[in-house]
Amino acid sequence: MAHVAVLVSLNFPGLDEQVAGLVRRFTRVALETLVRLGASYTLLDTSAPLPDPEAAARFDGLLLLGGGDIDGGCYGSSLVDVPHSYGVDARADRDALSAIAAAEKAGRPILGICRGSQLLNVHRGGTIIPDIEEFTLHRGGEGRPVFLDEKIRLVPSTRLHGIMGVDSLVGRSGHHQAVDRLGSGLVLAAVAQDGIVEGIEDPERWLIGVQWHPEDDDGPEADRLRLFAGFVEACATG
């Protein structure tokens, strides 16, 4: 049985009750899906400092869930007033990046979702779009639900494409940031209709990031199970 480290911040600056409910629901669905697929987990909550971020190396894999924005200083951005910015916690970012570095050094499979995908890119030296100006494909506008259905194209011959078994899918999205310049060793694995990066991976090892939220149970269960099953299988087989 694979035993997975699941990293998330269940509390972050500016968290309101609506977003807290989403974070709790998405986390619950992710954990239930792991168990359904035969894996066990340990939750690493970066709301408080992790006693030992490098302990992520001792698990069979690392799952990085969504949350607040990444501090711009982590990827060299000097912008101070970022539109729609929320949840920035530089200490939590440092703990997460330390955990990623330890898991990668140990050769563990890593799956990143939304913020988690962006953290993987920053870990590899990539950058983030601070705020997507033309956002209508990626999140709801003022007075509308934040999350919407987004059409996403998967890049042929990538690991992600092989796992999902389709050329395109509809994912649940609610993001105002996204991967910009790809980090070292990473390739494009999924793309939005407007060219925004929706998936990244390392073709040389099991490291995948997706910008959409497969763990949103308002989205297709089959797609969530395919992606999580690919991750759990990689964790179980080493």
# chains A, B, ... in the order shown; residues from 1 in each chain; ligands from 1
>>> closest_atom_pairs(of="stretch 124-201 of chain A", to="stretch 94-118 of chain A", cutoff="10 Å", atoms="only C-alpha atoms", output="tab-separated table")
residue	atom	partner	partner_atom	distance
A:Arg124	CA	A:Ala101	CA	9.3
A:Gly126	CA	A:Gln118	CA	8.7
A:Thr127	CA	A:Gln118	CA	8.3
A:Ile128	CA	A:Gln118	CA	7.0
A:Ile129	CA	A:Gln118	CA	9.8
A:Ser173	CA	A:Cys114	CA	8.7
A:Gly174	CA	A:Cys114	CA	9.1
A:His175	CA	A:Cys114	CA	7.7
A:Gln177	CA	A:Gln118	CA	8.7
A:Ala178	CA	A:Gln118	CA	6.8
A:Val179	CA	A:Gln118	CA	5.8
A:Asp180	CA	A:Gln118	CA	9.2
A:Leu182	CA	A:Gln118	CA	9.8
A:Gly183	CA	A:Gln118	CA	10.0
A:Glu198	CA	A:Cys114	CA	8.8
A:Gly199	CA	A:Ser117	CA	7.7
A:Ile200	CA	A:Ser117	CA	7.5
A:Glu201	CA	A:Ser117	CA	9.2
>>> write_last_selection(atoms="N, CA and C atoms", output="PDB file, in the first residue's frame")
ATOM      1  N   ARG A 124      11.354  24.524  -9.772  1.00  0.00           N
ATOM      2  CA  ARG A 124      12.270  24.266 -10.890  1.00  0.00           C
ATOM      3  C   ARG A 124      12.806  25.567 -11.506  1.00  0.00           C
ATOM      4  N   GLY A 126      10.929  28.247 -12.524  1.00  0.00           N
ATOM      5  CA  GLY A 126       9.997  28.893 -13.431  1.00  0.00           C
ATOM      6  C   GLY A 126       9.302  30.077 -12.776  1.00  0.00           C
ATOM      7  N   THR A 127       8.451  30.738 -13.546  1.00  0.00           N
ATOM      8  CA  THR A 127       7.754  31.929 -13.062  1.00  0.00           C
ATOM      9  C   THR A 127       6.241  31.741 -13.157  1.00  0.00           C
ATOM     10  N   ILE A 128       5.522  32.700 -12.564  1.00  0.00           N
ATOM     11  CA  ILE A 128       4.070  32.660 -12.491  1.00  0.00           C
ATOM     12  C   ILE A 128       3.492  33.948 -13.079  1.00  0.00           C
ATOM     13  N   ILE A 129       2.387  33.843 -13.817  1.00  0.00           N
ATOM     14  CA  ILE A 129       1.626  35.020 -14.218  1.00  0.00           C
ATOM     15  C   ILE A 129       0.932  35.551 -12.965  1.00  0.00           C
ATOM     16  N   SER A 173     -12.192  24.999 -12.844  1.00  0.00           N
ATOM     17  CA  SER A 173     -11.157  26.012 -12.672  1.00  0.00           C
ATOM     18  C   SER A 173     -11.697  27.223 -11.923  1.00  0.00           C
ATOM     19  N   GLY A 174     -10.800  27.867 -11.155  1.00  0.00           N
ATOM     20  CA  GLY A 174     -11.136  29.099 -10.460  1.00  0.00           C
ATOM     21  C   GLY A 174      -9.883  29.868 -10.111  1.00  0.00           C
ATOM     22  N   HIS A 175      -8.997  30.049 -11.099  1.00  0.00           N
ATOM     23  CA  HIS A 175      -7.669  30.607 -10.811  1.00  0.00           C
ATOM     24  C   HIS A 175      -7.438  31.946 -11.493  1.00  0.00           C
ATOM     25  N   GLN A 177      -4.078  33.125 -11.331  1.00  0.00           N
ATOM     26  CA  GLN A 177      -2.664  33.004 -11.667  1.00  0.00           C
ATOM     27  C   GLN A 177      -2.449  31.704 -12.440  1.00  0.00           C
ATOM     28  N   ALA A 178      -1.281  31.583 -13.067  1.00  0.00           N
ATOM     29  CA  ALA A 178      -0.957  30.372 -13.815  1.00  0.00           C
ATOM     30  C   ALA A 178       0.548  30.332 -14.060  1.00  0.00           C
ATOM     31  N   VAL A 179       1.020  29.177 -14.472  1.00  0.00           N
ATOM     32  CA  VAL A 179       2.424  29.026 -14.842  1.00  0.00           C
ATOM     33  C   VAL A 179       2.727  29.927 -16.037  1.00  0.00           C
ATOM     34  N   ASP A 180       3.858  30.619 -15.972  1.00  0.00           N
ATOM     35  CA  ASP A 180       4.307  31.469 -17.077  1.00  0.00           C
ATOM     36  C   ASP A 180       5.498  30.780 -17.751  1.00  0.00           C
ATOM     37  N   LEU A 182       8.230  28.116 -18.097  1.00  0.00           N
ATOM     38  CA  LEU A 182       8.397  26.784 -17.528  1.00  0.00           C
ATOM     39  C   LEU A 182       9.745  26.649 -16.830  1.00  0.00           C
ATOM     40  N   GLY A 183       9.739  25.928 -15.702  1.00  0.00           N
ATOM     41  CA  GLY A 183      10.965  25.663 -14.976  1.00  0.00           C
ATOM     42  C   GLY A 183      11.838  24.626 -15.673  1.00  0.00           C
ATOM     43  N   GLU A 198      -2.068  24.834 -18.531  1.00  0.00           N
ATOM     44  CA  GLU A 198      -2.978  24.128 -17.625  1.00  0.00           C
ATOM     45  C   GLU A 198      -2.375  22.832 -17.089  1.00  0.00           C
ATOM     46  N   GLY A 199      -1.216  22.445 -17.593  1.00  0.00           N
ATOM     47  CA  GLY A 199      -0.571  21.238 -17.088  1.00  0.00           C
ATOM     48  C   GLY A 199       0.905  21.237 -17.444  1.00  0.00           C
ATOM     49  N   ILE A 200       1.729  20.737 -16.531  1.00  0.00           N
ATOM     50  CA  ILE A 200       3.172  20.632 -16.747  1.00  0.00           C
ATOM     51  C   ILE A 200       3.629  19.256 -16.274  1.00  0.00           C
ATOM     52  N   GLU A 201       4.763  18.827 -16.785  1.00  0.00           N
ATOM     53  CA  GLU A 201       5.339  17.576 -16.304  1.00  0.00           C
ATOM     54  C   GLU A 201       6.818  17.506 -16.643  1.00  0.00           C
TER      55      GLU A 201
END
>>> residues_around(residues="A:Leu34", least_positions_apart="6", cutoff="9 Å", atoms="only C-alpha atoms", output="PyMOL selection string")
chain A and resi 4+40-41+228-229+232
>>> write_last_selection(atoms="all heavy atoms", output="compact mmCIF listing (two decimals), in the first residue's frame")
# COMPACT_ATOMS: atom_id res chain seq x y z
N VAL A 4 1.12 8.25 1.27
CA VAL A 4 1.37 9.51 0.57
C VAL A 4 1.36 10.68 1.55
O VAL A 4 0.53 10.74 2.45
CB VAL A 4 0.29 9.72 -0.52
CG1 VAL A 4 0.47 11.06 -1.21
CG2 VAL A 4 0.33 8.59 -1.53
N SER A 40 -2.87 5.15 1.68
CA SER A 40 -3.04 5.85 2.95
C SER A 40 -2.30 7.18 2.85
O SER A 40 -1.54 7.41 1.90
CB SER A 40 -2.52 5.01 4.12
OG SER A 40 -1.14 4.70 3.93
N TYR A 41 -2.48 8.04 3.84
CA TYR A 41 -1.90 9.37 3.73
C TYR A 41 -1.57 9.94 5.10
O TYR A 41 -2.10 9.53 6.12
CB TYR A 41 -2.86 10.33 3.01
CG TYR A 41 -4.15 10.55 3.77
CD1 TYR A 41 -4.25 11.52 4.78
CD2 TYR A 41 -5.28 9.78 3.50
CE1 TYR A 41 -5.42 11.71 5.48
CE2 TYR A 41 -6.46 9.96 4.20
CZ TYR A 41 -6.53 10.93 5.19
OH TYR A 41 -7.68 11.11 5.89
N PHE A 228 -5.68 10.40 -10.21
CA PHE A 228 -5.23 9.94 -8.89
C PHE A 228 -4.73 8.49 -8.96
O PHE A 228 -3.78 8.14 -8.27
CB PHE A 228 -6.35 10.08 -7.86
CG PHE A 228 -6.44 11.45 -7.24
CD1 PHE A 228 -6.74 12.57 -7.99
CD2 PHE A 228 -6.20 11.62 -5.89
CE1 PHE A 228 -6.82 13.84 -7.42
CE2 PHE A 228 -6.26 12.88 -5.29
CZ PHE A 228 -6.58 13.98 -6.07
N ALA A 229 -5.38 7.67 -9.77
CA ALA A 229 -4.94 6.28 -9.91
C ALA A 229 -3.54 6.21 -10.51
O ALA A 229 -2.71 5.38 -10.10
CB ALA A 229 -5.92 5.49 -10.75
N VAL A 232 -1.21 7.19 -7.62
CA VAL A 232 -1.12 6.13 -6.59
C VAL A 232 -0.33 4.94 -7.12
O VAL A 232 0.51 4.36 -6.39
CB VAL A 232 -2.53 5.72 -6.13
CG1 VAL A 232 -2.45 4.44 -5.28
CG2 VAL A 232 -3.19 6.84 -5.34
>>> select_by_dssp(residues="stretch 28-205 of chain A", states="strand (DSSP E)", output="PyMOL selection string")
chain A and resi 40-45+61-64+110-113+128-129+148-154+168-173+178-179+187-192+197-201
>>> residues_around(residues="A:Val88", least_positions_apart="4", cutoff="7 Å", atoms="only C-alpha atoms", output="short mmCIF file (atom, residue, chain, number, x, y, z; two decimals) with C-alpha atoms, in the first residue's frame")
data_model
loop_
_atom_site.label_atom_id
_atom_site.label_comp_id
_atom_site.auth_asym_id
_atom_site.auth_seq_id
_atom_site.Cartn_x
_atom_site.Cartn_y
_atom_site.Cartn_z
CA PRO A 13 -4.19 34.99 5.35
CA GLY A 68 -3.45 30.88 -1.73
CA ASP A 69 -1.09 32.72 -4.07
CA ILE A 70 2.65 32.10 -3.98
CA ASP A 71 4.75 34.98 -2.66
#
>>> select_by_dssp(residues="stretch 16-220 of chain A", states="helix (DSSP H, G or I)", output="count of residues only")
61
>>> residues_around(residues="A:Gly87", least_positions_apart="3", cutoff="12 Å", atoms="only C-alpha atoms", output="compact mmCIF listing (two decimals) with C-alpha atoms, in the first residue's frame")
# COMPACT_ATOMS: atom_id res chain seq x y z
CA SER A 9 -2.67 24.97 3.99
CA LEU A 10 -6.08 24.64 5.65
CA ASN A 11 -5.80 28.22 6.87
CA PHE A 12 -4.05 31.17 5.21
CA PRO A 13 -4.19 34.99 5.35
CA GLY A 14 -7.51 36.49 4.30
CA LEU A 15 -9.34 33.17 4.30
CA ASP A 16 -13.10 33.74 4.47
CA VAL A 19 -13.11 29.82 0.56
CA ALA A 20 -12.49 27.82 3.75
CA SER A 47 -0.90 26.66 8.13
CA GLY A 66 -4.45 24.15 -3.90
CA GLY A 67 -4.63 27.29 -1.78
CA GLY A 68 -3.45 30.88 -1.73
CA ASP A 69 -1.09 32.72 -4.07
CA ILE A 70 2.65 32.10 -3.98
CA ASP A 71 4.75 34.98 -2.66
CA VAL A 82 -1.11 42.27 -7.55
CA HIS A 84 -6.98 39.77 -6.94
CA ALA A 90 5.84 33.31 2.32
CA ARG A 91 6.69 31.00 5.22
CA ALA A 92 4.22 28.37 4.02
CA ASP A 93 5.70 28.70 0.52
CA ARG A 115 -1.20 26.16 -6.34
>>> atom_distance(atom1="atom CA of A:Arg159", atom2="atom CA of A:His123")
20.0 Å
>>> atom_distance(atom1="atom CA of A:Ala5", atom2="atom CA of A:Leu62")
4.9 Å
>>> closest_residue(among="A:Pro130, A:Ile196, A:His213, A:His161", to="A:Ser78", atoms="only C-alpha atoms")
A:Pro130
